[in-house]
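**Student:** So that we are looking at the same thing, I have put the structure below in C-alpha cells.
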Amino acid sequence: MKWLQPWIDGKRMLPPWLALAILLGIQLVSIPFLLKLHFNNAPDIYSPPDSPIIQLRESLFKEFPNDEAIIALFEGHDLYTPAFLAALDRVAKKMAALPAVDRVLTLTTVEHIDATDDGFAVSLLIDPKHLTERTPAQWKARVLDDAIAPGLIASRDGRAVALVVRPKFLKESLARLDIENALEATITAEHLDSHHTATAGTVAQTVAELHSLWRDSAIFIPLTFVIGMVLLWWVVGRIRPVVIGGLAMGTVVSASVGGLVAFGQPYTPITAMIPTLMAAYTTATLLHLYAAIQRGRIALLPRRQRISRALKDTFMPGLFNILTTGAGMLSMLWVSIPPVQTFGLSGAIGTLMVFLVVFILVPPILLKWDTPRWPRRRSGLAHARRIAAVVAVFSLRHAKAVLISSALLVLATIPLVMQVKVESNILEFFAPDHPLSRGTERIESKLSGVTGLEIVLTGTGRDSLKDPVRLAQIKALQDWLEQQPEIDRSFSLVNVLEEMNRALSGDPPGTEALPTSRKLVEQLLLIYDGKDMYELVNHEFQRGRIALSLNVHGANEIGRVIRRIRTHLDAQPITGMRYDIAGFGQLFVDQTDRIVDGEIKSFASSFLQILLLMALLFRSLKAGFICLIPNLAPLFFIFVVMGVSGIALDVATVLIAGIILGITVDDTIHLYHGYLHRLKQGASPVFAIIRSVESSGRAVIAISVVLIAQFSLLGLSDYRPTAHFGILCAIGLFAGQVFELLLMPALLGMQLRKPRRPVAVTAP
C-alpha cells in the first residue's frame, strides 16, 4: 500500500487540466453509446438463456405459435352488422400483413366446422365475403353456438367481441410497441374507436412497462441531478464546487449507462434505476470530501493543505466505502435474473468510477479553480452537526437502554417480518385506474382470463396423439382442469376432434363426441383441411399442447395452480406421454422462484464480504461486527415496513438488501475511522466518539437527506415495482441514519463500561 501513500496524503495529484480533460473525455466517449441505448423489457430476458423454461419455450416455438398476444375488446349493440364486421375484418387483415404478426384471431378469421351431407366442412366462422347472406341475429347465433369462440373472441352474451393479435416470437419490446401502435392506428382508421373499450394481454403489459420506463427516465434522471446540485449548494454554499459536483455526477452516470451498451445489455426497468443510484452515490461521496474540506477551512488551513488533509481523512474510508458498496452490488450476481445481475455488475463498476472521479479527478480541479474561500460556518452542515452531536450524547448516556430497547423492538416486530411474501402480480404492476389494469379487468369480465399456461404432451413416437385411449385421458384431464376455479377454459386437439365428429354424426352441440376408435380418428383427420388444429398438435401427432386461460395474475396463485396440475398428472398420468408445463404463467413463476433463492444468497454474500472488508480495514473482526450491526437494523426495518404495507419481495425490491447494506455501511466506516484516528492521537474514548460523530456525523446527515430525496423520486413512478423500490430505499436510508447515530455510539460506549476491580482491604 506504500504506492498509495502519496495519494492518501494528498501530496500527489493529477495536473488539473489533465483531470478536467479526463472528466470531460469520459462523458464525450459515453455519448455514442448512450445514443445506442437499447430499451427492452421482453418477458424472456428475465430468465437465463440456458434455463429449462427458456429452452422449452424456444423448442415449442419451432412447432407452435407464440403464447403472447394483444387483445382489443369491442362492445356495442351493432357488433354483428355488416358494417361493423367488415371494418373488423379490415383491421384484422391490416394487422396480419405486418411482418412481426403471426396471426390475428377474430370472428372473420377463425375456423368453424359445419356439418354437410357427406361429412363436414371447415369454413370461416363469419365469412367477410358473404356478410349480407345472414342477418345480424343469425351471425350472432352462429358465433354463440360455436364450440370455441364464446369466451375466446366473443362474450357469451353476444355484447362484446375481441380481436387477438398474436405476434411472432419477439425478443424486443420495441417490436411489441410497433404492434400496439399499429393496432391503435388501424382501429382509428376504421372508425372503431367508439366500440373499442379495452386493450390488454402480455404484449400490452410489456408496452405499458416500456412507456413507464421512458417516462421515468425522462423525468427522474434530470430531477436527480437537480436535487443533487441543490443539496450540494445547501451543504457547501459555493457555486464552483457545485458545478464540479455536477460534472462528477454526469461523468459517473454517463459511464455507467454507456457501459450497458458497451457490454450489449438492455436498458430495462431494473437497470433504469442505475442513473438515480449512481447520481445519489456520487453526491454522497462528494459530500464526505467536501465536509472534510469544510473542516479544514474552519481550522484556517491554506487551500492546498486543506484539500490534502481532506484527502488524507477520506481517501482510505472512501476506498473501503467503494469496496463495501461494490460488494453489495456484486452480491446481486447470485440472483439468477439477468437484468438484476446486470444491475449489480453495472452498479459495482459505477461505484469504482465514483471513487476515481471523486478522489482522483475532482481534488486537482478544486485546487486549480475553486479559489475563493469557503464560508467557515454558514452551510447546511452546521445544523446537521448539532443534531448528530445531540443524538450521540444521548446514545452514550443511555447506551444500555438504547441497545435493550433496540433488541426488544426487533423481537416485537419479528411477526411483521414473517408476513413479507415473495410475489409478483402482473395486474398489480400498475395502479387500479391505469388503462392496462382497467382493460385487463374488463376483458376478463367479458371473455376469459388473459394469463396463459400450457401443458405440453410429448409421446414416444409418431402418431402418439391419435390413440383414442390417450385422447380420452386428455379429455378427462381437461374436464378436471375446467373444474378448477382459476382456469376459465382449456383447449386442445380433443376439442377439434370432438367438433369434427359431432358435425360428422349430426349430434347437437354439447354432446359427448370424442372418437372411440383409431380408424375414426384417422378418418376425421384425413377429411380435415383447416389450419387451426395444427396450432395445438404438430404434423407428426407426437407433441401437442393444452392451452389454458387463467383468471389469476400473481406468481403464487399461478404457482399453486401449476403444482396442483403436476400433482394430478403424477397421480393420473397419460399413458405413454411425457408432460411439461410451459407458457407465460410458468415463465413468471420460474422468475419468482429465482428471487427467493437469489435473495438469500445475495444477502449472505454481501454480509460476509462487507464484514471481511471492514475487519480488514480496522484489523479487527470485532470492529467489523460493531460497524455492521447498526447497518442490519435498517434492513430489518425495511422488511417490517414491507410486512405492514403488504409490499412484496419482487424483481425490483430484491435489489434493496445489497444496496442498503452497501450504502449505509459507508457512513459507519467514516464514523469509526474518525473514532480510531482520534484515539491514536491520544483523545479519550468518550471525546473520540463525540468528536467523530460531531465532525463526520454532520456530513452523514446531509448525505442521508441527499440520498433519501433522490430515491424518493422513484416513488412517483406509475410502475409499482420501481415505486416500491424507491420508497423502501428512502425508508431504509432514513432508518439507517437513525440507527447509526443511536446504535454506533451506544455499542462503542458499552465497551468503555468495564466493571471496577474490587479494592483489597488489608487487616490492621
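In the C-alpha cells, the first chain shown is A, the next is B, and so on; residue numbers restart at 1 for each chain, and ligands run from 1 in the order shown.
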Name the residues in contact with Val354 of chain A at a cut-off of 12 Å, using only C-alpha atoms, excluding same-chain residues fewer than 2 positions from it; report them as number ranges by chain.
**Tutor:** A: 23, 245, 247-256, 277-286, 318-319, 321-323, 325-326, 347-352, 356-362
**Student:** Got a sec: who's within 8 Å of Pro338 of chain A, counting only C-alpha atoms, leaving out chain neighbours fewer than 6 positions off, as number ranges by chain?
**Tutor:** A: 45-48
**Student:** What residues in segment 512-637 of chain A get the DSSP label alpha helix (DSSP H)? Please answer as number ranges by chain.
**Tutor:** A: 518-527, 555-571, 584-618, 621-637
**Student:** Applying 7 Å and only C-alpha atoms, which residues near Phe739 of chain A remain after dropping the ones on its own chain fewer than 4 positions away? List them as a compact mmCIF listing (two decimals) with N, CA, C and O atoms, in the first residue's frame.
**Tutor:**
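What follows is the written file result.txt:
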```
# COMPACT_ATOMS: atom_id res chain seq x y z
N PRO A 630 -25.22 -1.88 13.35
CA PRO A 630 -26.17 -0.77 13.09
C PRO A 630 -26.73 -0.77 11.68
O PRO A 630 -27.81 -0.21 11.45
N ALA A 633 -29.89 -3.17 11.15
CA ALA A 633 -31.16 -2.66 11.67
C ALA A 633 -32.05 -2.05 10.58
O ALA A 633 -33.25 -2.36 10.52
N ALA A 735 -33.94 5.04 8.15
CA ALA A 735 -33.77 4.16 9.31
C ALA A 735 -32.29 3.92 9.58
O ALA A 735 -31.86 3.87 10.75
N LEU A 743 -27.16 3.59 17.60
CA LEU A 743 -26.52 2.34 18.00
C LEU A 743 -25.01 2.41 18.01
O LEU A 743 -24.37 1.79 18.87
```
**Student:** Just the number, please: distance in Å from atom CA of Lys519 of chain A to atom CA of Leu569 of chain A, one decimal.
**Tutor:** 27.4 Å
**Student:** List the spatial neighbours of Leu504 of chain A as a PyMOL selection string - criterion: any atom at most 9 Å away, only C-alpha atoms, same-chain residues fewer than 3 positions off excluded.
**Tutor:** chain A and resi 114-120+499-501+507+524
**Student:** Which residues in segment 12-236 of chain A does DSSP call strand (DSSP E)? List them as number ranges by chain.
**Tutor:** A: 70-75, 101-105, 111-116, 119-124, 160-167, 196-200
